[in-house]
file data.pdb (PDB, C-alpha atoms, pLDDT in the B column)
ATOM      1  CA  MET D   8     102.223  79.840 116.985  1.00 46.00           C
ATOM      2  CA  LEU D   9      99.072  81.936 117.369  1.00 52.00           C
ATOM      3  CA  PHE D  10     100.949  85.076 116.336  1.00 55.00           C
ATOM      4  CA  SER D  11     102.272  83.301 113.249  1.00 64.00           C
ATOM      5  CA  GLN D  12      98.758  82.146 112.348  1.00 64.00           C
ATOM      6  CA  SER D  13      97.478  85.706 112.743  1.00 90.00           C
ATOM      7  CA  GLN D  14     100.209  86.964 110.424  1.00 93.00           C
ATOM      8  CA  GLN D  15      99.201  84.357 107.839  1.00 94.00           C
ATOM      9  CA  ASP D  16      95.559  85.459 108.110  1.00 95.00           C
ATOM     10  CA  ILE D  17      96.552  89.103 107.676  1.00 96.00           C
ATOM     11  CA  ASN D  18      98.766  88.258 104.704  1.00 96.00           C
ATOM     12  CA  GLN D  19      95.895  86.304 103.126  1.00 96.00           C
ATOM     13  CA  LYS D  20      93.518  89.241 103.570  1.00 96.00           C
ATOM     14  CA  ASN D  21      96.078  91.559 101.999  1.00 96.00           C
ATOM     15  CA  GLU D  22      96.574  89.153  99.082  1.00 96.00           C
ATOM     16  CA  GLN D  23      92.817  88.930  98.545  1.00 97.00           C
ATOM     17  CA  ALA D  24      92.501  92.703  98.750  1.00 96.00           C
ATOM     18  CA  GLU D  25      95.272  93.121  96.176  1.00 94.00           C
ATOM     19  CA  SER D  26      93.680  90.603  93.804  1.00 93.00           C
ATOM     20  CA  LEU D  27      90.386  92.536  93.892  1.00 95.00           C
ATOM     21  CA  LEU D  28      91.826  96.002  93.261  1.00 93.00           C
ATOM     22  CA  ASN D  29      91.023  96.177  89.545  1.00 90.00           C
ATOM     23  CA  GLN D  30      87.672  94.396  89.405  1.00 93.00           C
ATOM     24  CA  LYS D  31      86.167  95.123  92.829  1.00 97.00           C
ATOM     25  CA  PRO D  32      88.000  98.000  94.533  1.00 96.00           C
ATOM     26  CA  LYS D  33      85.240  98.534  97.127  1.00 97.00           C
ATOM     27  CA  GLU D  34      85.545  94.910  98.265  1.00 97.00           C
ATOM     28  CA  SER D  35      89.306  95.398  98.323  1.00 97.00           C
ATOM     29  CA  LEU D  36      88.774  98.379 100.652  1.00 97.00           C
ATOM     30  CA  VAL D  37      86.796  96.217 103.081  1.00 97.00           C
ATOM     31  CA  LEU D  38      89.441  93.480 103.150  1.00 96.00           C
ATOM     32  CA  ALA D  39      92.355  95.926 103.467  1.00 97.00           C
ATOM     33  CA  THR D  40      90.559  97.729 106.319  1.00 97.00           C
ATOM     34  CA  SER D  41      90.102  94.406 108.096  1.00 96.00           C
ATOM     35  CA  ALA D  42      93.751  93.446 107.494  1.00 96.00           C
ATOM     36  CA  LYS D  43      94.919  96.818 108.804  1.00 97.00           C
ATOM     37  CA  ALA D  44      92.853  96.484 111.998  1.00 95.00           C
ATOM     38  CA  ALA D  45      94.087  92.937 112.598  1.00 95.00           C
ATOM     39  CA  ALA D  46      97.699  93.939 111.936  1.00 96.00           C
ATOM     40  CA  GLU D  47      97.457  96.868 114.354  1.00 95.00           C
ATOM     41  CA  SER D  48      95.967  94.725 117.107  1.00 93.00           C
ATOM     42  CA  ASN D  49      98.690  92.081 116.593  1.00 92.00           C
ATOM     43  CA  GLY D  50     101.544  94.551 116.281  1.00 94.00           C
ATOM     44  CA  TYR D  51     102.323  93.183 112.814  1.00 96.00           C
ATOM     45  CA  LYS D  52     103.833  96.264 111.168  1.00 97.00           C
ATOM     46  CA  ASN D  53     104.609  94.645 107.807  1.00 96.00           C
ATOM     47  CA  GLY D  54     100.985  93.573 107.423  1.00 97.00           C
ATOM     48  CA  GLU D  55      99.828  97.032 108.465  1.00 97.00           C
ATOM     49  CA  ALA D  56     102.103  98.740 105.921  1.00 98.00           C
ATOM     50  CA  LYS D  57     100.831  96.528 103.094  1.00 98.00           C
ATOM     51  CA  ALA D  58      97.204  97.091 104.151  1.00 98.00           C
ATOM     52  CA  LEU D  59      97.756 100.861 104.199  1.00 98.00           C
ATOM     53  CA  ALA D  60      99.185 100.730 100.668  1.00 98.00           C
ATOM     54  CA  LEU D  61      96.216  98.661  99.489  1.00 98.00           C
ATOM     55  CA  LEU D  62      93.780 101.088 101.132  1.00 98.00           C
ATOM     56  CA  GLY D  63      95.464 103.866  99.185  1.00 98.00           C
ATOM     57  CA  ILE D  64      95.291 102.014  95.885  1.00 97.00           C
ATOM     58  CA  ALA D  65      91.665 101.013  96.406  1.00 97.00           C
ATOM     59  CA  ASN D  66      90.797 104.661  97.070  1.00 97.00           C
ATOM     60  CA  TYR D  67      92.706 105.619  93.930  1.00 97.00           C
ATOM     61  CA  LYS D  68      90.665 103.075  91.953  1.00 96.00           C
ATOM     62  CA  ILE D  69      87.390 104.635  93.152  1.00 97.00           C
ATOM     63  CA  ASP D  70      88.666 108.171  92.461  1.00 96.00           C
ATOM     64  CA  VAL D  71      89.098 109.287  96.076  1.00 97.00           C
ATOM     65  CA  TYR D  72      92.539 110.724  95.480  1.00 97.00           C
ATOM     66  CA  ASP D  73      93.013 112.674  98.720  1.00 97.00           C
ATOM     67  CA  LYS D  74      92.494 109.544 100.822  1.00 97.00           C
ATOM     68  CA  ALA D  75      94.619 107.531  98.419  1.00 98.00           C
ATOM     69  CA  ARG D  76      97.542 109.905  98.909  1.00 98.00           C
ATOM     70  CA  ILE D  77      97.171 109.857 102.716  1.00 98.00           C
ATOM     71  CA  PHE D  78      97.135 106.059 102.949  1.00 98.00           C
ATOM     72  CA  ILE D  79      99.996 105.569 100.484  1.00 98.00           C
ATOM     73  CA  ASN D  80     102.122 108.172 102.283  1.00 98.00           C
ATOM     74  CA  GLN D  81     101.427 106.407 105.598  1.00 98.00           C
ATOM     75  CA  ALA D  82     102.386 103.074 104.013  1.00 98.00           C
ATOM     76  CA  GLU D  83     105.597 104.553 102.623  1.00 98.00           C
ATOM     77  CA  THR D  84     106.553 106.043 106.003  1.00 98.00           C
ATOM     78  CA  LEU D  85     105.946 102.762 107.806  1.00 98.00           C
ATOM     79  CA  SER D  86     107.755 100.801 105.066  1.00 97.00           C
ATOM     80  CA  ASP D  87     110.707 103.131 105.434  1.00 97.00           C
ATOM     81  CA  GLU D  88     110.797 102.470 109.197  1.00 97.00           C
ATOM     82  CA  LEU D  89     110.707  98.733 108.450  1.00 97.00           C
ATOM     83  CA  ASP D  90     113.363  99.083 105.743  1.00 97.00           C
ATOM     84  CA  ASP D  91     111.019  97.295 103.297  1.00 97.00           C
ATOM     85  CA  THR D  92     112.524  98.430  99.992  1.00 98.00           C
ATOM     86  CA  SER D  93     109.993  96.547  97.871  1.00 97.00           C
ATOM     87  CA  LEU D  94     107.020  98.190  99.561  1.00 97.00           C
ATOM     88  CA  ILE D  95     108.701 101.620  99.438  1.00 98.00           C
ATOM     89  CA  SER D  96     109.141 101.142  95.683  1.00 98.00           C
ATOM     90  CA  PHE D  97     105.513 100.024  95.365  1.00 97.00           C
ATOM     91  CA  CYS D  98     104.321 103.124  97.247  1.00 98.00           C
ATOM     92  CA  LYS D  99     106.453 105.485  95.157  1.00 98.00           C
ATOM     93  CA  TYR D 100     105.034 103.888  92.002  1.00 98.00           C
ATOM     94  CA  TRP D 101     101.476 104.553  93.180  1.00 98.00           C
ATOM     95  CA  LEU D 102     102.340 108.095  94.271  1.00 98.00           C
ATOM     96  CA  GLY D 103     103.677 108.514  90.736  1.00 98.00           C
ATOM     97  CA  ASN D 104     100.308 107.362  89.397  1.00 97.00           C
ATOM     98  CA  LEU D 105      98.591 109.983  91.561  1.00 97.00           C
ATOM     99  CA  GLU D 106     100.863 112.693  90.148  1.00 97.00           C
ATOM    100  CA  LEU D 107     100.319 111.431  86.596  1.00 96.00           C
ATOM    101  CA  ASN D 108      96.571 111.501  87.182  1.00 94.00           C
ATOM    102  CA  GLN D 109      96.890 115.177  88.154  1.00 94.00           C
ATOM    103  CA  GLY D 110      98.951 115.964  85.031  1.00 93.00           C
ATOM    104  CA  GLN D 111     102.157 116.428  87.036  1.00 96.00           C
ATOM    105  CA  TYR D 112     104.397 114.582  84.576  1.00 96.00           C
ATOM    106  CA  GLY D 113     107.693 115.791  86.037  1.00 96.00           C
ATOM    107  CA  LYS D 114     106.789 114.720  89.572  1.00 98.00           C
ATOM    108  CA  ALA D 115     105.386 111.419  88.313  1.00 97.00           C
ATOM    109  CA  LEU D 116     108.505 110.688  86.281  1.00 97.00           C
ATOM    110  CA  ASP D 117     110.731 111.441  89.301  1.00 98.00           C
ATOM    111  CA  LEU D 118     108.692 109.079  91.495  1.00 98.00           C
ATOM    112  CA  TYR D 119     108.714 106.315  88.873  1.00 98.00           C
ATOM    113  CA  GLN D 120     112.486 106.692  88.511  1.00 98.00           C
ATOM    114  CA  GLU D 121     113.027 106.588  92.309  1.00 98.00           C
ATOM    115  CA  ALA D 122     110.808 103.519  92.549  1.00 98.00           C
ATOM    116  CA  LEU D 123     112.610 101.866  89.629  1.00 98.00           C
ATOM    117  CA  LEU D 124     116.043 102.414  91.186  1.00 98.00           C
ATOM    118  CA  LEU D 125     114.857 100.927  94.489  1.00 98.00           C
ATOM    119  CA  ALA D 126     113.330  97.936  92.706  1.00 98.00           C
ATOM    120  CA  GLN D 127     116.493  97.386  90.655  1.00 98.00           C
ATOM    121  CA  LYS D 128     118.596  97.509  93.827  1.00 97.00           C
ATOM    122  CA  ILE D 129     116.792  94.404  95.166  1.00 98.00           C
ATOM    123  CA  SER D 130     115.901  92.803  91.799  1.00 97.00           C
ATOM    124  CA  ASP D 131     112.174  93.331  92.441  1.00 97.00           C
ATOM    125  CA  LYS D 132     111.013  92.641  88.909  1.00 97.00           C
ATOM    126  CA  LYS D 133     107.304  93.237  89.494  1.00 96.00           C
ATOM    127  CA  ASN D 134     107.960  96.785  90.653  1.00 97.00           C
ATOM    128  CA  MET D 135     110.518  97.249  87.885  1.00 98.00           C
ATOM    129  CA  ALA D 136     107.874  96.279  85.304  1.00 97.00           C
ATOM    130  CA  ARG D 137     105.356  98.675  86.860  1.00 96.00           C
ATOM    131  CA  CYS D 138     107.797 101.583  86.898  1.00 98.00           C
ATOM    132  CA  LEU D 139     108.986 101.061  83.327  1.00 98.00           C
ATOM    133  CA  ASP D 140     105.347 101.051  82.240  1.00 97.00           C
ATOM    134  CA  GLY D 141     104.640 104.228  84.213  1.00 97.00           C
ATOM    135  CA  LYS D 142     107.554 105.975  82.554  1.00 97.00           C
ATOM    136  CA  GLY D 143     106.324 104.737  79.170  1.00 97.00           C
ATOM    137  CA  THR D 144     102.900 106.234  79.829  1.00 95.00           C
ATOM    138  CA  ILE D 145     104.465 109.633  80.478  1.00 96.00           C
ATOM    139  CA  TYR D 146     106.563 109.541  77.326  1.00 96.00           C
ATOM    140  CA  GLU D 147     103.532 108.477  75.299  1.00 94.00           C
ATOM    141  CA  SER D 148     101.530 111.370  76.788  1.00 92.00           C
ATOM    142  CA  LEU D 149     104.316 113.729  75.723  1.00 93.00           C
ATOM    143  CA  GLY D 150     104.225 112.381  72.162  1.00 94.00           C
ATOM    144  CA  GLU D 151     107.552 110.548  72.448  1.00 96.00           C
ATOM    145  CA  ASP D 152     106.153 107.309  71.089  1.00 95.00           C
ATOM    146  CA  ASP D 153     109.501 105.675  70.286  1.00 95.00           C
ATOM    147  CA  LYS D 154     110.722 106.136  73.869  1.00 97.00           C
ATOM    148  CA  ALA D 155     107.344 104.907  75.150  1.00 96.00           C
ATOM    149  CA  MET D 156     107.557 101.823  72.906  1.00 95.00           C
ATOM    150  CA  GLU D 157     111.049 101.070  74.252  1.00 97.00           C
ATOM    151  CA  LEU D 158     109.873 101.374  77.880  1.00 97.00           C
ATOM    152  CA  TYR D 159     106.714  99.304  77.340  1.00 96.00           C
ATOM    153  CA  THR D 160     108.801  96.610  75.634  1.00 96.00           C
ATOM    154  CA  GLN D 161     111.224  96.595  78.578  1.00 97.00           C
ATOM    155  CA  SER D 162     108.297  96.447  81.017  1.00 97.00           C
ATOM    156  CA  LEU D 163     106.820  93.430  79.253  1.00 95.00           C
ATOM    157  CA  ALA D 164     110.196  91.645  79.115  1.00 97.00           C
ATOM    158  CA  VAL D 165     110.795  92.202  82.847  1.00 97.00           C
ATOM    159  CA  ALA D 166     107.240  91.104  83.674  1.00 96.00           C
ATOM    160  CA  LYS D 167     107.708  87.929  81.644  1.00 95.00           C
ATOM    161  CA  ASP D 168     111.043  87.276  83.343  1.00 96.00           C
ATOM    162  CA  ALA D 169     109.285  87.591  86.715  1.00 95.00           C
ATOM    163  CA  GLY D 170     106.239  85.520  85.701  1.00 94.00           C
ATOM    164  CA  PHE D 171     104.113  88.617  86.454  1.00 92.00           C
ATOM    165  CA  LYS D 172     101.317  87.386  84.186  1.00 91.00           C
ATOM    166  CA  GLU D 173      98.676  89.839  85.364  1.00 87.00           C
ATOM    167  CA  TRP D 174     100.849  92.592  83.868  1.00 89.00           C
ATOM    168  CA  TYR D 175     101.132  91.139  80.350  1.00 91.00           C
ATOM    169  CA  GLY D 176      97.709  92.249  79.120  1.00 90.00           C
ATOM    170  CA  ASN D 177      98.102  95.841  80.261  1.00 89.00           C
ATOM    171  CA  VAL D 178     101.477  96.391  78.615  1.00 93.00           C
ATOM    172  CA  THR D 179     100.627  94.437  75.466  1.00 93.00           C
ATOM    173  CA  PHE D 180      97.522  96.618  75.046  1.00 93.00           C
ATOM    174  CA  GLU D 181      99.653  99.771  75.355  1.00 94.00           C
ATOM    175  CA  LEU D 182     102.092  98.400  72.785  1.00 93.00           C
ATOM    176  CA  ALA D 183      99.218  97.597  70.427  1.00 92.00           C
ATOM    177  CA  ASN D 184      97.896 101.154  70.760  1.00 93.00           C
ATOM    178  CA  LEU D 185     101.298 102.586  69.838  1.00 93.00           C
ATOM    179  CA  ILE D 186     101.633 100.234  66.881  1.00 92.00           C
ATOM    180  CA  TYR D 187      98.189 101.308  65.692  1.00 93.00           C
ATOM    181  CA  LYS D 188      99.170 104.984  66.060  1.00 91.00           C
ATOM    182  CA  LYS D 189     102.166 104.284  63.828  1.00 89.00           C
ATOM    183  CA  GLY D 190      99.761 103.240  61.059  1.00 91.00           C
ATOM    184  CA  LYS D 191     100.195  99.478  61.342  1.00 91.00           C
ATOM    185  CA  PRO D 192      96.655  98.231  62.028  1.00 88.00           C
ATOM    186  CA  ASP D 193      97.343  94.602  61.047  1.00 89.00           C
ATOM    187  CA  GLU D 194     100.304  94.350  63.406  1.00 89.00           C
ATOM    188  CA  ALA D 195      98.313  96.123  66.122  1.00 86.00           C
ATOM    189  CA  GLU D 196      95.401  93.705  65.689  1.00 90.00           C
ATOM    190  CA  LYS D 197      97.744  90.778  66.329  1.00 90.00           C
ATOM    191  CA  LYS D 198      98.918  92.431  69.560  1.00 85.00           C
ATOM    192  CA  TYR D 199      95.314  93.146  70.614  1.00 88.00           C
TER     193      TYR D 199
END

call {"tool": "encode", "arguments": {"input": "data.pdb", "output": "structure tokens"}}
result
Amino acid sequence: MLFSQSQQDINQKNEQAESLLNQKPKESLVLATSAKAAAESNGYKNGEAKALALLGIANYKIDVYDKARIFINQAETLSDELDDTSLISFCKYWLGNLELNQGQYGKALDLYQEALLLAQKISDKKNMARCLDGKGTIYESLGEDDKAMELYTQSLAVAKDAGFKEWYGNVTFELANLIYKKGKPDEAEKKY
């Protein structure tokens, strides 16, 4: 019973840390560090893996890319040991973001595709939406706007199917930007 309660506390800390990633990444770091320590002391490997991933993402959000890569790689390794396909996909997506950030489009695209295939295998629609969006970003960066539009549209549809509401704004904004680039400001304004 106590162990179960501890797991719930760790899961709550991880959820709070994840919810703060975009607005308050430094607070997310504090919570994820606490969740990681608690998970280690309780032997709760799933909670530890998630905390490691969140530590990586929080570092990414504050532009500490070397630490981000270390934490995400550790999370992916532990997730692989636990056979947690969803978290492996999540980690590969964020490693793809790191590669994209460094201008390594080929590596990023490979990671997004690997993550997408894993997510599709288990019908993990949140990770599918993320990966489709990541691929769209690459194609947009390469000037292949039609392919990017197709991927963003797929990402939004999958996110809506999953009820992944926090994703809608991001993808809709990217779609609006592409519509604007195509010389349709009125249509873009509606999307914005």

call {"tool": "residues_around", "arguments": {"input": "data.pdb", "residues": "Tyr112 (chain D)", "least_positions_apart": "2", "cutoff": "10 Å", "atoms": "only C-alpha atoms", "output": "MDAnalysis selection string"}}
result
chainID D and resid 103:104 106:110 114:118 142 144:146 148:149

call {"tool": "resolve_selection", "arguments": {"input": "data.pdb", "expression": "the PyMOL selection byres ((chain D and resi 136-139) around 8)", "output": "ChimeraX atom specification"}}
result
/D:100,119-120,122-123,132-135,140-143,158-159,161-163,165-166

call {"tool": "resolve_selection", "arguments": {"input": "data.pdb", "expression": "the PyMOL selection byres ((chain D and resi 68) around 12)", "output": "VMD selection string"}}
result
chain D and resid 25 27 to 36 61 to 67 69 to 76 101 104 to 105 108

call {"tool": "closest_residue", "arguments": {"input": "data.pdb", "among": "D:Ala82, D:Lys188, D:Lys43, D:Ala183", "to": "Gly150 (chain D)", "atoms": "only C-alpha atoms"}}
result
D:Lys188

call {"tool": "atom_distance", "arguments": {"input": "data.pdb", "atom1": "CA of Ala155 (chain D)", "atom2": "CA of Asn80 (chain D)"}}
result
27.8 Å

call {"tool": "resolve_selection", "arguments": {"input": "data.pdb", "expression": "the PyMOL selection byres ((chain D and resi 193-196) around 12)", "output": "PyMOL selection string"}}
result
chain D and resi 179-192+197-199

call {"tool": "atom_distance", "arguments": {"input": "data.pdb", "atom1": "CA of Asp168 (chain D)", "atom2": "CA of Asp131 (chain D)"}}
result
11.0 Å

call {"tool": "residues_around", "arguments": {"input": "data.pdb", "residues": "Gly54 (chain D)", "least_positions_apart": "6", "cutoff": "12 Å", "atoms": "only C-alpha atoms", "output": "ChimeraX atom specification"}}
result
/D:11,13-22,39-48,60-61,82,85-86,89,91,94

call {"tool": "write_last_selection", "arguments": {"input": "data.pdb", "atoms": "C-alpha atoms", "output": "PDB file, keeping the file's coordinate frame"}}
result
ATOM      1  CA  SER D  11     102.272  83.301 113.249  1.00 64.00           C
ATOM      2  CA  SER D  13      97.478  85.706 112.743  1.00 90.00           C
ATOM      3  CA  GLN D  14     100.209  86.964 110.424  1.00 93.00           C
ATOM      4  CA  GLN D  15      99.201  84.357 107.839  1.00 94.00           C
ATOM      5  CA  ASP D  16      95.559  85.459 108.110  1.00 95.00           C
ATOM      6  CA  ILE D  17      96.552  89.103 107.676  1.00 96.00           C
ATOM      7  CA  ASN D  18      98.766  88.258 104.704  1.00 96.00           C
ATOM      8  CA  GLN D  19      95.895  86.304 103.126  1.00 96.00           C
ATOM      9  CA  LYS D  20      93.518  89.241 103.570  1.00 96.00           C
ATOM     10  CA  ASN D  21      96.078  91.559 101.999  1.00 96.00           C
ATOM     11  CA  GLU D  22      96.574  89.153  99.082  1.00 96.00           C
ATOM     12  CA  ALA D  39      92.355  95.926 103.467  1.00 97.00           C
ATOM     13  CA  THR D  40      90.559  97.729 106.319  1.00 97.00           C
ATOM     14  CA  SER D  41      90.102  94.406 108.096  1.00 96.00           C
ATOM     15  CA  ALA D  42      93.751  93.446 107.494  1.00 96.00           C
ATOM     16  CA  LYS D  43      94.919  96.818 108.804  1.00 97.00           C
ATOM     17  CA  ALA D  44      92.853  96.484 111.998  1.00 95.00           C
ATOM     18  CA  ALA D  45      94.087  92.937 112.598  1.00 95.00           C
ATOM     19  CA  ALA D  46      97.699  93.939 111.936  1.00 96.00           C
ATOM     20  CA  GLU D  47      97.457  96.868 114.354  1.00 95.00           C
ATOM     21  CA  SER D  48      95.967  94.725 117.107  1.00 93.00           C
ATOM     22  CA  ALA D  60      99.185 100.730 100.668  1.00 98.00           C
ATOM     23  CA  LEU D  61      96.216  98.661  99.489  1.00 98.00           C
ATOM     24  CA  ALA D  82     102.386 103.074 104.013  1.00 98.00           C
ATOM     25  CA  LEU D  85     105.946 102.762 107.806  1.00 98.00           C
ATOM     26  CA  SER D  86     107.755 100.801 105.066  1.00 97.00           C
ATOM     27  CA  LEU D  89     110.707  98.733 108.450  1.00 97.00           C
ATOM     28  CA  ASP D  91     111.019  97.295 103.297  1.00 97.00           C
ATOM     29  CA  LEU D  94     107.020  98.190  99.561  1.00 97.00           C
TER      30      LEU D  94
END

call {"tool": "atom_distance", "arguments": {"input": "data.pdb", "atom1": "CA of Asn53 (chain D)", "atom2": "CA of Asn177 (chain D)"}}
result
28.3 Å

call {"tool": "axis_aligned_box", "arguments": {"input": "data.pdb", "around": "region 27-43 of chain D", "padding_each_side": "5 Å", "output": "AutoDock Vina command-line options"}}
result
--center_x 90.1 --center_y 95.5 --center_z 99.1 --size_x 19.7 --size_y 16.0 --size_z 29.4

call {"tool": "build_atoms", "arguments": {"input": "data.pdb", "residues": "region 80-107 of chain D", "atoms": "N, CA and C atoms", "output": "PDB file, in the coordinates of the input"}}
result
ATOM      1  N   ASN D  80     101.041 107.506 101.540  1.00 98.00           N
ATOM      2  CA  ASN D  80     102.122 108.172 102.283  1.00 98.00           C
ATOM      3  C   ASN D  80     102.362 107.497 103.634  1.00 98.00           C
ATOM      4  N   GLN D  81     101.278 107.120 104.316  1.00 98.00           N
ATOM      5  CA  GLN D  81     101.427 106.407 105.598  1.00 98.00           C
ATOM      6  C   GLN D  81     102.133 105.061 105.384  1.00 98.00           C
ATOM      7  N   ALA D  82     101.758 104.365 104.323  1.00 98.00           N
ATOM      8  CA  ALA D  82     102.386 103.074 104.013  1.00 98.00           C
ATOM      9  C   ALA D  82     103.867 103.255 103.710  1.00 98.00           C
ATOM     10  N   GLU D  83     104.192 104.310 102.963  1.00 98.00           N
ATOM     11  CA  GLU D  83     105.597 104.553 102.623  1.00 98.00           C
ATOM     12  C   GLU D  83     106.413 104.880 103.880  1.00 98.00           C
ATOM     13  N   THR D  84     105.860 105.690 104.761  1.00 98.00           N
ATOM     14  CA  THR D  84     106.553 106.043 106.003  1.00 98.00           C
ATOM     15  C   THR D  84     106.819 104.799 106.845  1.00 98.00           C
ATOM     16  N   LEU D  85     105.793 103.975 107.015  1.00 98.00           N
ATOM     17  CA  LEU D  85     105.946 102.762 107.806  1.00 98.00           C
ATOM     18  C   LEU D  85     106.920 101.784 107.128  1.00 98.00           C
ATOM     19  N   SER D  86     106.843 101.676 105.817  1.00 97.00           N
ATOM     20  CA  SER D  86     107.755 100.801 105.066  1.00 97.00           C
ATOM     21  C   SER D  86     109.194 101.269 105.210  1.00 97.00           C
ATOM     22  N   ASP D  87     109.371 102.571 105.248  1.00 97.00           N
ATOM     23  CA  ASP D  87     110.707 103.131 105.434  1.00 97.00           C
ATOM     24  C   ASP D  87     111.252 102.765 106.821  1.00 97.00           C
ATOM     25  N   GLU D  88     110.401 102.863 107.836  1.00 97.00           N
ATOM     26  CA  GLU D  88     110.797 102.470 109.197  1.00 97.00           C
ATOM     27  C   GLU D  88     111.172 100.994 109.253  1.00 97.00           C
ATOM     28  N   LEU D  89     110.467 100.178 108.470  1.00 97.00           N
ATOM     29  CA  LEU D  89     110.707  98.733 108.450  1.00 97.00           C
ATOM     30  C   LEU D  89     111.835  98.338 107.492  1.00 97.00           C
ATOM     31  N   ASP D  90     112.329  99.321 106.746  1.00 97.00           N
ATOM     32  CA  ASP D  90     113.363  99.083 105.743  1.00 97.00           C
ATOM     33  C   ASP D  90     112.897  98.063 104.702  1.00 97.00           C
ATOM     34  N   ASP D  91     111.620  98.179 104.297  1.00 97.00           N
ATOM     35  CA  ASP D  91     111.019  97.295 103.297  1.00 97.00           C
ATOM     36  C   ASP D  91     111.117  97.972 101.923  1.00 97.00           C
ATOM     37  N   THR D  92     112.234  97.759 101.256  1.00 98.00           N
ATOM     38  CA  THR D  92     112.524  98.430  99.992  1.00 98.00           C
ATOM     39  C   THR D  92     111.470  98.135  98.930  1.00 98.00           C
ATOM     40  N   SER D  93     111.000  96.914  98.871  1.00 97.00           N
ATOM     41  CA  SER D  93     109.993  96.547  97.871  1.00 97.00           C
ATOM     42  C   SER D  93     108.706  97.346  98.068  1.00 97.00           C
ATOM     43  N   LEU D  94     108.257  97.452  99.309  1.00 97.00           N
ATOM     44  CA  LEU D  94     107.020  98.190  99.561  1.00 97.00           C
ATOM     45  C   LEU D  94     107.224  99.698  99.379  1.00 97.00           C
ATOM     46  N   ILE D  95     108.411 100.199  99.689  1.00 98.00           N
ATOM     47  CA  ILE D  95     108.701 101.620  99.438  1.00 98.00           C
ATOM     48  C   ILE D  95     108.596 101.887  97.938  1.00 98.00           C
ATOM     49  N   SER D  96     109.196 101.006  97.134  1.00 98.00           N
ATOM     50  CA  SER D  96     109.141 101.142  95.683  1.00 98.00           C
ATOM     51  C   SER D  96     107.690 101.108  95.193  1.00 98.00           C
ATOM     52  N   PHE D  97     106.927 100.172  95.715  1.00 97.00           N
ATOM     53  CA  PHE D  97     105.513 100.024  95.365  1.00 97.00           C
ATOM     54  C   PHE D  97     104.751 101.312  95.677  1.00 97.00           C
ATOM     55  N   CYS D  98     104.995 101.877  96.844  1.00 98.00           N
ATOM     56  CA  CYS D  98     104.321 103.124  97.247  1.00 98.00           C
ATOM     57  C   CYS D  98     104.715 104.281  96.337  1.00 98.00           C
ATOM     58  N   LYS D  99     106.001 104.399  96.043  1.00 98.00           N
ATOM     59  CA  LYS D  99     106.453 105.485  95.157  1.00 98.00           C
ATOM     60  C   LYS D  99     105.824 105.346  93.770  1.00 98.00           C
ATOM     61  N   TYR D 100     105.692 104.110  93.293  1.00 98.00           N
ATOM     62  CA  TYR D 100     105.034 103.888  92.002  1.00 98.00           C
ATOM     63  C   TYR D 100     103.606 104.431  92.041  1.00 98.00           C
ATOM     64  N   TRP D 101     102.870 104.098  93.103  1.00 98.00           N
ATOM     65  CA  TRP D 101     101.476 104.553  93.180  1.00 98.00           C
ATOM     66  C   TRP D 101     101.373 106.052  93.422  1.00 98.00           C
ATOM     67  N   LEU D 102     102.315 106.631  94.138  1.00 98.00           N
ATOM     68  CA  LEU D 102     102.340 108.095  94.271  1.00 98.00           C
ATOM     69  C   LEU D 102     102.614 108.719  92.904  1.00 98.00           C
ATOM     70  N   GLY D 103     103.451 108.065  92.107  1.00 98.00           N
ATOM     71  CA  GLY D 103     103.677 108.514  90.736  1.00 98.00           C
ATOM     72  C   GLY D 103     102.396 108.486  89.920  1.00 98.00           C
ATOM     73  N   ASN D 104     101.600 107.438  90.098  1.00 97.00           N
ATOM     74  CA  ASN D 104     100.308 107.362  89.397  1.00 97.00           C
ATOM     75  C   ASN D 104      99.393 108.510  89.806  1.00 97.00           C
ATOM     76  N   LEU D 105      99.399 108.849  91.101  1.00 97.00           N
ATOM     77  CA  LEU D 105      98.591 109.983  91.561  1.00 97.00           C
ATOM     78  C   LEU D 105      99.035 111.282  90.891  1.00 97.00           C
ATOM     79  N   GLU D 106     100.345 111.485  90.806  1.00 97.00           N
ATOM     80  CA  GLU D 106     100.863 112.693  90.148  1.00 97.00           C
ATOM     81  C   GLU D 106     100.516 112.691  88.661  1.00 97.00           C
ATOM     82  N   LEU D 107     100.660 111.547  88.011  1.00 96.00           N
ATOM     83  CA  LEU D 107     100.319 111.431  86.596  1.00 96.00           C
ATOM     84  C   LEU D 107      98.847 111.765  86.381  1.00 96.00           C
TER      85      LEU D 107
END
